[in-house]
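Containing compact mmCIF, C-alpha atoms: target12.txt.
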```txt
# COMPACT_ATOMS: atom_id res chain seq x y z
CA MET A 1 98.74 104.33 134.69
CA ILE A 2 97.91 105.04 131.08
CA LYS A 3 98.27 102.92 127.96
CA VAL A 4 100.49 104.07 125.11
CA ASN A 5 100.40 101.88 122.00
CA GLY A 6 99.15 99.04 124.15
CA GLU A 7 101.88 99.32 126.78
CA GLU A 8 101.53 100.70 130.28
CA HIS A 9 103.08 104.06 131.02
CA PRO A 10 103.13 106.02 134.29
CA TRP A 11 100.68 108.90 134.57
CA ARG A 12 101.22 112.15 136.40
CA GLN A 13 99.13 115.24 137.05
CA GLY A 14 99.48 117.76 134.24
CA LEU A 15 100.57 115.25 131.59
CA ASN A 16 99.67 116.45 128.08
CA ILE A 17 100.40 114.97 124.66
CA THR A 18 103.47 117.19 124.10
CA GLU A 19 105.04 115.99 127.34
CA LEU A 20 104.08 112.37 126.72
CA LEU A 21 105.74 112.35 123.30
CA LYS A 22 108.92 113.71 124.93
CA GLU A 23 108.79 111.05 127.68
CA LYS A 24 108.38 108.28 125.11
CA ASN A 25 111.08 109.80 122.91
CA TYR A 26 108.65 109.80 120.00
CA VAL A 27 110.67 112.31 118.06
CA TYR A 28 109.88 111.13 114.50
CA HIS A 29 108.49 114.12 112.68
CA ALA A 30 105.46 112.52 111.08
CA ILE A 31 103.13 111.18 113.72
CA ILE A 32 99.39 110.74 114.24
CA VAL A 33 98.10 110.77 117.81
CA ARG A 34 94.78 109.43 119.06
CA LEU A 35 93.65 110.01 122.63
CA ASN A 36 90.83 107.72 123.76
CA GLU A 37 90.03 106.93 120.16
CA LYS A 38 89.86 110.54 119.05
CA PHE A 39 92.37 112.07 116.67
CA VAL A 40 94.33 114.96 118.20
CA PRO A 41 95.64 117.47 115.64
CA PRO A 42 99.25 118.56 116.32
CA GLU A 43 98.29 122.13 117.19
CA GLU A 44 96.23 120.75 120.09
CA TYR A 45 99.00 118.66 121.67
CA PRO A 46 99.88 121.19 124.42
CA ALA A 47 96.22 121.58 125.43
CA ALA A 48 95.36 117.88 125.22
CA MET A 49 95.43 116.83 128.88
CA ILE A 50 95.74 113.14 129.64
CA SER A 51 93.81 111.62 132.54
CA ASP A 52 94.71 108.54 134.56
CA GLY A 53 93.58 105.40 132.76
CA ASP A 54 93.55 107.05 129.32
CA ASN A 55 94.51 105.24 126.12
CA VAL A 56 96.95 106.89 123.70
CA GLU A 57 97.89 105.62 120.26
CA ALA A 58 100.85 107.17 118.44
CA ILE A 59 101.31 106.10 114.86
CA HIS A 60 104.61 106.94 113.22
CA LEU A 61 104.33 107.48 109.48
CA ILE A 62 107.68 106.23 108.24
CA THR A 63 109.17 107.28 104.89
CA GLY A 64 109.21 104.51 102.32
CA GLY A 65 106.69 103.10 99.87
CA MET B 1 70.06 67.92 90.80
CA LYS B 2 71.23 71.39 89.86
CA ILE B 3 74.81 72.63 89.96
CA TYR B 4 76.68 75.63 88.55
CA LEU B 5 79.11 74.80 85.80
CA ASN B 6 81.23 77.76 84.71
CA GLU B 7 78.55 79.85 86.37
CA LYS B 8 75.69 78.37 84.30
CA HIS B 9 72.93 76.52 86.12
CA ILE B 10 72.86 72.96 84.73
CA LYS B 11 71.19 69.65 85.57
CA ALA B 12 73.44 66.85 86.70
CA GLU B 13 72.74 63.25 87.71
CA LYS B 14 72.82 62.58 91.45
CA GLY B 15 76.22 61.09 92.21
CA ALA B 16 77.76 62.47 89.02
CA LYS B 17 81.53 62.59 89.05
CA VAL B 18 83.56 65.54 87.80
CA ALA B 19 85.06 63.33 85.06
CA GLU B 20 81.60 62.71 83.56
CA LEU B 21 80.79 66.43 83.57
CA VAL B 22 84.12 67.14 81.87
CA LYS B 23 83.31 64.61 79.15
CA GLN B 24 79.83 66.08 78.67
CA HIS B 25 80.53 69.79 78.86
CA LYS B 26 84.26 70.53 78.45
CA PRO B 27 86.17 67.61 76.94
CA GLY B 28 89.88 67.98 77.50
CA ALA B 29 89.56 70.24 80.55
CA GLU B 30 92.51 69.66 82.89
CA VAL B 31 91.79 72.25 85.57
CA CYS B 32 88.77 71.51 87.73
CA VAL B 33 87.91 73.87 90.55
CA LEU B 34 85.08 72.93 92.89
CA ASN B 35 83.75 75.56 95.30
CA GLY B 36 86.96 77.53 95.01
CA PHE B 37 89.49 74.69 95.29
CA PRO B 38 91.07 72.31 92.76
CA CYS B 39 89.40 68.92 92.78
CA LEU B 40 90.07 65.47 91.41
CA MET B 41 88.24 63.98 88.45
CA GLU B 42 86.84 61.23 90.72
CA HIS B 43 85.15 63.72 92.97
CA THR B 44 81.34 63.46 93.24
CA VAL B 45 79.41 66.71 92.91
CA GLU B 46 76.53 67.66 95.19
CA GLU B 47 73.45 69.88 94.87
CA GLY B 48 74.37 73.54 94.51
CA ASP B 49 78.06 72.93 93.92
CA ARG B 50 79.99 75.48 91.84
CA LEU B 51 82.25 73.74 89.37
CA VAL B 52 84.68 75.49 87.05
CA LEU B 53 86.31 73.58 84.20
CA ILE B 54 89.27 75.09 82.40
CA LYS B 55 91.01 73.75 79.33
CA LYS B 56 94.62 74.98 79.43
CA GLY B 57 95.54 77.00 76.37
CA GLU B 58 91.93 77.74 75.48
CA VAL B 59 91.08 81.44 75.55
CA PRO B 60 87.60 81.75 77.07
CA SER B 61 84.85 83.96 75.73
CA LYS B 62 84.48 87.33 77.44
CA ASN B 63 81.38 86.06 79.26
CA GLU B 64 83.20 83.06 80.62
CA LEU B 65 86.43 84.91 81.39
CA GLU B 66 85.02 87.06 84.17
CA HIS B 67 83.73 84.00 85.94
CA LEU B 68 86.91 81.98 85.44
CA LEU B 69 89.03 84.80 86.91
CA SER B 70 87.29 84.32 90.24
CA ALA B 71 87.20 80.51 90.19
CA ARG B 72 89.76 80.22 92.98
CA HIS B 73 88.24 82.94 95.17
CA THR B 74 86.64 81.92 98.42
CA PRO B 75 83.08 81.16 97.25
CA GLY B 76 80.40 83.78 97.77
CA ILE B 77 82.55 86.89 97.90
CA ALA B 78 83.01 87.74 94.23
CA ASP B 79 79.73 89.68 93.96
CA GLN B 80 80.45 91.76 97.02
CA LEU B 81 83.95 92.64 95.87
CA LYS B 82 82.67 93.57 92.43
CA LYS B 83 80.42 96.20 93.99
CA SER B 84 83.26 97.64 96.07
CA CYS B 85 85.47 100.64 95.39
CA VAL B 86 88.97 101.14 96.80
CA GLY B 87 91.06 104.31 96.48
CA VAL B 88 94.81 104.00 96.02
CA ALA B 89 96.68 107.21 96.86
CA GLY B 90 100.05 106.92 95.16
CA CYS B 91 101.11 104.42 92.50
CA GLY B 92 104.66 103.58 93.53
CA GLY B 93 105.91 100.48 95.23
CA LEU B 94 102.95 100.25 97.56
CA GLY B 95 100.20 101.55 95.32
CA SER B 96 101.01 99.65 92.13
CA THR B 97 101.40 96.38 94.01
CA ALA B 98 98.29 96.83 96.14
CA ALA B 99 96.17 97.94 93.18
CA ILE B 100 97.07 94.88 91.10
CA ALA B 101 96.42 92.56 94.06
CA LEU B 102 93.00 94.13 94.54
CA ALA B 103 92.20 93.90 90.84
CA ARG B 104 93.16 90.23 90.79
CA ALA B 105 91.01 89.71 93.91
CA GLY B 106 88.04 91.08 91.99
CA VAL B 107 87.47 94.52 93.53
CA GLY B 108 85.13 96.11 91.01
CA ARG B 109 86.41 99.67 91.01
CA LEU B 110 89.74 101.31 91.80
CA VAL B 111 90.45 105.03 92.02
CA ILE B 112 94.17 105.57 91.47
CA ALA B 113 96.06 108.86 91.66
CA ASP B 114 99.71 109.86 91.25
CA TYR B 115 101.55 112.83 89.67
CA ASP B 116 104.67 110.91 88.71
CA VAL B 117 106.02 109.08 85.64
CA VAL B 118 107.73 105.68 85.43
CA GLU B 119 111.52 105.87 85.59
CA PRO B 120 114.13 103.10 85.71
CA SER B 121 114.86 103.19 89.45
CA ASN B 122 111.18 102.45 90.08
CA LEU B 123 111.44 99.02 88.51
CA ASN B 124 113.15 97.42 91.51
CA ARG B 125 109.83 97.38 93.37
CA GLN B 126 107.03 98.93 91.33
CA GLN B 127 104.79 96.89 89.06
CA TYR B 128 105.90 98.54 85.82
CA PHE B 129 107.90 97.33 82.86
CA VAL B 130 110.86 98.69 80.88
CA TYR B 131 108.68 99.57 77.90
CA GLN B 132 106.59 101.85 80.15
CA ILE B 133 109.46 104.16 81.16
CA GLY B 134 108.32 107.75 80.66
CA LEU B 135 104.59 107.02 80.94
CA PRO B 136 102.52 108.57 83.73
CA LYS B 137 102.29 105.94 86.44
CA VAL B 138 98.50 106.04 86.50
CA GLU B 139 98.43 105.30 82.78
CA ALA B 140 100.97 102.49 83.07
CA LEU B 141 99.19 100.97 86.07
CA LYS B 142 95.80 101.12 84.39
CA GLU B 143 97.32 99.22 81.47
CA VAL B 144 98.83 96.51 83.69
CA ILE B 145 95.58 96.11 85.63
CA LYS B 146 93.63 95.77 82.40
CA LYS B 147 95.90 92.95 81.31
CA ALA B 148 95.43 91.11 84.63
CA ASN B 149 91.71 91.71 85.05
CA PRO B 150 89.96 93.50 82.19
CA PHE B 151 86.77 93.72 84.26
CA THR B 152 88.22 96.05 86.90
CA LYS B 153 87.01 99.64 86.41
CA VAL B 154 89.97 101.95 86.92
CA GLU B 155 89.40 105.67 87.42
CA SER B 156 92.83 107.27 87.02
CA HIS B 157 94.01 110.75 88.02
CA HIS B 158 97.38 112.08 86.89
CA LEU B 159 97.78 114.74 89.55
CA ARG B 160 99.33 115.57 92.90
CA ILE B 161 97.09 114.63 95.82
CA VAL B 162 96.61 117.62 98.14
CA PRO B 163 94.20 118.25 101.02
CA GLU B 164 91.87 120.16 98.67
CA ASN B 165 91.25 117.24 96.31
CA VAL B 166 91.21 114.23 98.68
CA GLU B 167 87.46 114.36 99.23
CA THR B 168 86.65 114.65 95.51
CA LEU B 169 89.06 111.86 94.58
CA PHE B 170 88.23 109.33 97.27
CA GLY B 171 84.85 110.37 98.67
CA LYS B 172 83.03 107.43 97.09
CA CYS B 173 85.59 104.80 98.12
CA ASP B 174 84.78 102.11 100.66
CA ALA B 175 88.43 102.17 101.79
CA ILE B 176 91.58 104.10 100.95
CA ILE B 177 95.09 102.74 100.65
CA GLU B 178 97.76 105.24 101.62
CA ALA B 179 100.61 104.50 99.25
CA PHE B 180 102.90 107.51 99.38
CA ASP B 181 106.64 107.41 99.88
CA MET B 182 107.42 110.49 101.98
CA ALA B 183 106.42 110.65 105.64
CA ASP B 184 105.00 114.17 105.45
CA GLN B 185 102.77 113.17 102.54
CA LYS B 186 101.52 110.17 104.51
CA GLN B 187 100.75 112.46 107.42
CA MET B 188 98.96 114.95 105.16
CA LEU B 189 96.73 112.25 103.72
CA VAL B 190 95.89 110.61 107.04
CA GLU B 191 95.07 113.94 108.71
CA THR B 192 92.92 115.00 105.73
CA VAL B 193 91.00 111.73 105.59
CA LEU B 194 90.41 111.81 109.36
CA ALA B 195 89.07 115.35 109.03
CA LYS B 196 87.09 115.19 105.76
CA LEU B 197 86.22 111.50 105.34
CA PRO B 198 86.01 110.34 108.96
CA LYS B 199 83.89 107.28 108.10
CA THR B 200 86.31 105.95 105.45
CA PRO B 201 88.86 103.41 106.66
CA ILE B 202 92.42 104.21 105.60
CA VAL B 203 95.13 101.58 105.34
CA ILE B 204 98.57 103.08 105.91
CA GLY B 205 101.93 101.68 104.85
CA SER B 206 104.58 102.50 107.43
CA GLY B 207 108.07 101.00 107.73
CA MET B 208 109.27 98.62 105.02
CA ALA B 209 112.86 99.49 104.14
CA GLY B 210 115.52 96.83 103.65
CA TYR B 211 115.19 93.08 103.26
CA GLY B 212 114.49 90.03 105.43
CA ALA B 213 113.00 90.49 108.90
CA ASN B 214 109.66 89.10 107.76
CA ASP B 215 108.47 88.59 111.30
CA LEU B 216 108.57 92.30 112.03
CA MET B 217 106.06 93.10 109.29
CA LYS B 218 102.65 93.33 110.90
CA THR B 219 99.25 94.98 110.76
CA ARG B 220 97.42 96.77 113.51
CA LYS B 221 94.19 98.68 113.67
CA THR B 222 93.04 101.68 115.64
CA GLY B 223 89.67 103.16 114.82
CA MET B 224 89.54 103.91 111.08
CA LEU B 225 93.34 103.62 110.80
CA HIS B 226 94.96 100.35 109.75
CA ILE B 227 98.75 100.30 109.75
CA CYS B 228 100.81 97.80 107.73
CA GLY B 229 104.59 97.58 108.03
CA ASP B 230 107.17 97.30 110.76
CA GLU B 231 106.61 100.90 111.88
CA ARG B 232 110.34 101.41 112.22
CA SER B 233 112.39 100.85 109.05
CA GLU B 234 112.74 104.23 107.41
CA ALA B 235 113.95 104.45 103.83
CA GLY B 236 116.87 106.81 103.39
CA PRO B 237 120.57 106.95 102.47
CA GLY B 238 122.00 103.49 103.06
CA PHE B 239 118.58 101.92 103.68
CA GLY B 240 116.80 101.15 100.44
CA LEU B 241 113.42 99.91 99.34
CA MET B 242 113.24 96.49 97.70
CA ALA B 243 110.46 94.54 96.03
CA PRO B 244 109.96 91.73 98.55
CA ARG B 245 109.59 93.79 101.71
CA VAL B 246 107.66 96.60 100.02
CA GLY B 247 105.53 93.93 98.38
CA MET B 248 104.74 92.45 101.78
CA ALA B 249 103.53 95.80 103.07
CA ALA B 250 101.51 96.43 99.90
CA CYS B 251 99.86 93.03 99.93
CA MET B 252 99.12 93.38 103.62
CA GLN B 253 97.40 96.64 102.76
CA ALA B 254 95.40 95.01 99.98
CA ASN B 255 94.52 92.07 102.22
CA GLN B 256 93.45 94.41 104.98
CA ALA B 257 91.25 96.24 102.48
CA LEU B 258 89.55 92.92 101.67
CA GLU B 259 88.84 92.41 105.35
CA ILE B 260 87.38 95.92 105.55
CA LEU B 261 85.14 95.21 102.55
CA LEU B 262 84.04 91.70 103.51
CA GLY B 263 84.39 91.57 107.29
CA PRO B 264 86.77 89.04 108.89
CA ASP B 265 87.08 85.73 107.06
CA PRO B 266 84.95 83.28 109.07
CA ARG B 267 87.10 80.40 107.84
CA ILE B 268 90.19 81.75 109.65
CA ASP B 269 89.86 81.32 113.37
CA PRO B 270 92.92 82.68 115.17
CA SER B 271 91.96 80.89 118.38
CA LEU B 272 92.17 77.44 116.77
CA ASP B 273 95.15 75.16 117.32
CA PRO B 274 97.23 75.51 114.14
CA SER B 275 97.98 71.76 114.07
CA PRO B 276 96.72 70.20 110.80
CA THR B 277 94.81 67.55 112.75
CA ARG B 278 92.53 70.28 114.12
CA ARG B 279 91.61 71.68 110.71
CA GLY B 280 88.08 71.07 109.52
CA LYS B 281 86.99 69.59 106.19
```
Please go through the file and, once you have read it, give me the structure as structure tokens.
Amino acid sequence: MIKVNGEEHPWRQGLNITELLKEKNYVYHAIIVRLNEKFVPPEEYPAAMISDGDNVEAIHLITGG
Amino acid sequence: MKIYLNEKHIKAEKGAKVAELVKQHKPGAEVCVLNGFPCLMEHTVEEGDRLVLIKKGEVPSKNELEHLLSARHTPGIADQLKKSCVGVAGCGGLGSTAAIALARAGVGRLVIADYDVVEPSNLNRQQYFVYQIGLPKVEALKEVIKKANPFTKVESHHLRIVPENVETLFGKCDAIIEAFDMADQKQMLVETVLAKLPKTPIVIGSGMAGYGANDLMKTRKTGMLHICGDERSEAGPGFGLMAPRVGMAACMQANQALEILLGPDPRIDPSLDPSPTRRGK
């Protein structure tokens, strides 16, 4: 199990950030991702492998202000 | 005994009541603030108390004014806020509102930046006035801040914030308020601050379109990122931005900045029973 924005989410071998965002349907175009408290730049999403027990935060930056 | 009266150290009789001090030092004063809270004339002052007496309608001297502006602050924090510097990236609905809240709270220095000018559709949520239409927002905001708190130092930049100037603009700030409108701009700023100013907390505004739904507006924190808003309500065709909800997000951002500058308020204990009978003195 991993944590995504504080909620539990099933883990599987080979899960990376790109796949996780698809699974969570986080399709909003402006997003900031932190894996175990480290910022992951978008270009690194495919290579950012998630391990069991990891903590992922996905912050959507919503238009309006 | 010694007390502070309008920030001056004075001698007072033990057991002196506020009414006597009013008669002696500020006859006619109707507003009495003791240690940050309004008090009654019958109240007895104690050693080290901070008493502020204000006569309504009287314009204080410049020396007195700075002290009177912080009379209702939680005691002990004014000096720390005065030494602080907060950056405000964008001066629209979020930025103008947050900047004025921070100025009123006594933050000593604000760095504000925006490329835009005031136009009529801004006035439904931004802290500008009809007579300022056409002015650069940073100029208009600096003027409004000066009227609310003339002691706030405002460094203004009429320019577009891009990754290349973020560090120069906000490098000396103790915290940055992200106050853009467009999602891609918000992302640009957050990514740039994370990369170039990794030790500077950034308070993001995300999700505030529409009206009502107060209970969905919240704040959360992750590392150096603080996020204020409902993280879902996206402004767009058919879903506008209005003063109350945008104001909530902006004031949450400003309030979060205060917590960053001062640490959590020790007087607010979230674990305490909210019932009034459990509140302390």
For this session: For chain A, list the residues within 9 Å of chain B, counting all atoms listed in the file, and write the list as a PyMOL selection string.
Result: chain A and resi 29-32+34+37-39+41+57+59-65
Problem set entry | Long-range neighbours of region 13-22 of chain B as number ranges by chain, 9 Å cut-off, all atoms listed in the file, 2 positions minimum in chain | B: 1-2, 5, 11, 24-30, 32, 39-47, 51, 53
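Taking CA of Gly212 (chain B) and CA of Ile177 (chain B) as the two end points, the separation is 23.7 Å.
Candidate residues B:Pro201, B:Gln256, B:Tyr131, B:Ile145 were compared for distance to Arg220 (chain B), and the nearest is B:Gln256, using all atoms listed in the file.
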For this session: Tell me which of A:Ser51, A:Ile17, A:Val56, A:Lys24 sits closest to Asn36 (chain A), counting only C-alpha atoms.
Result: A:Val56
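What separates CA of Asp269 (chain B) from CA of Cys85 (chain B) is a distance of 26.8 Å.
Between CA of Gly87 (chain B) and CA of Ala254 (chain B) there is a distance of 10.8 Å.
Closest approach to Gly6 (chain A) among B:Leu141, B:Leu159, B:Asp114, B:Lys221 is made by B:Lys221 (distances from all atoms listed in the file).
Compared by their closest atoms to Pro75 (chain B), and using only C-alpha atoms, the residues B:Thr97, B:Asn35, B:Ser61, B:Asn122 rank with B:Asn35 nearest.
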Shell around Pro10 (chain A) at 12 Å using only C-alpha atoms, local window under 4 positions removed, as an mmCIF file with C-alpha atoms, keeping the file's coordinate frame:
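Output contents, as saved in selection21.cif:
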```
data_model
loop_
_atom_site.group_PDB
_atom_site.id
_atom_site.type_symbol
_atom_site.label_atom_id
_atom_site.label_comp_id
_atom_site.auth_asym_id
_atom_site.auth_seq_id
_atom_site.Cartn_x
_atom_site.Cartn_y
_atom_site.Cartn_z
ATOM 1 C CA MET A 1 98.740 104.330 134.690
ATOM 2 C CA ILE A 2 97.910 105.040 131.080
ATOM 3 C CA LYS A 3 98.270 102.920 127.960
ATOM 4 C CA VAL A 4 100.490 104.070 125.110
ATOM 5 C CA LEU A 15 100.570 115.250 131.590
ATOM 6 C CA LEU A 20 104.080 112.370 126.720
ATOM 7 C CA GLU A 23 108.790 111.050 127.680
ATOM 8 C CA LYS A 24 108.380 108.280 125.110
ATOM 9 C CA ILE A 50 95.740 113.140 129.640
ATOM 10 C CA SER A 51 93.810 111.620 132.540
ATOM 11 C CA ASP A 52 94.710 108.540 134.560
ATOM 12 C CA GLY A 53 93.580 105.400 132.760
ATOM 13 C CA ASP A 54 93.550 107.050 129.320
ATOM 14 C CA ASN A 55 94.510 105.240 126.120
#
```
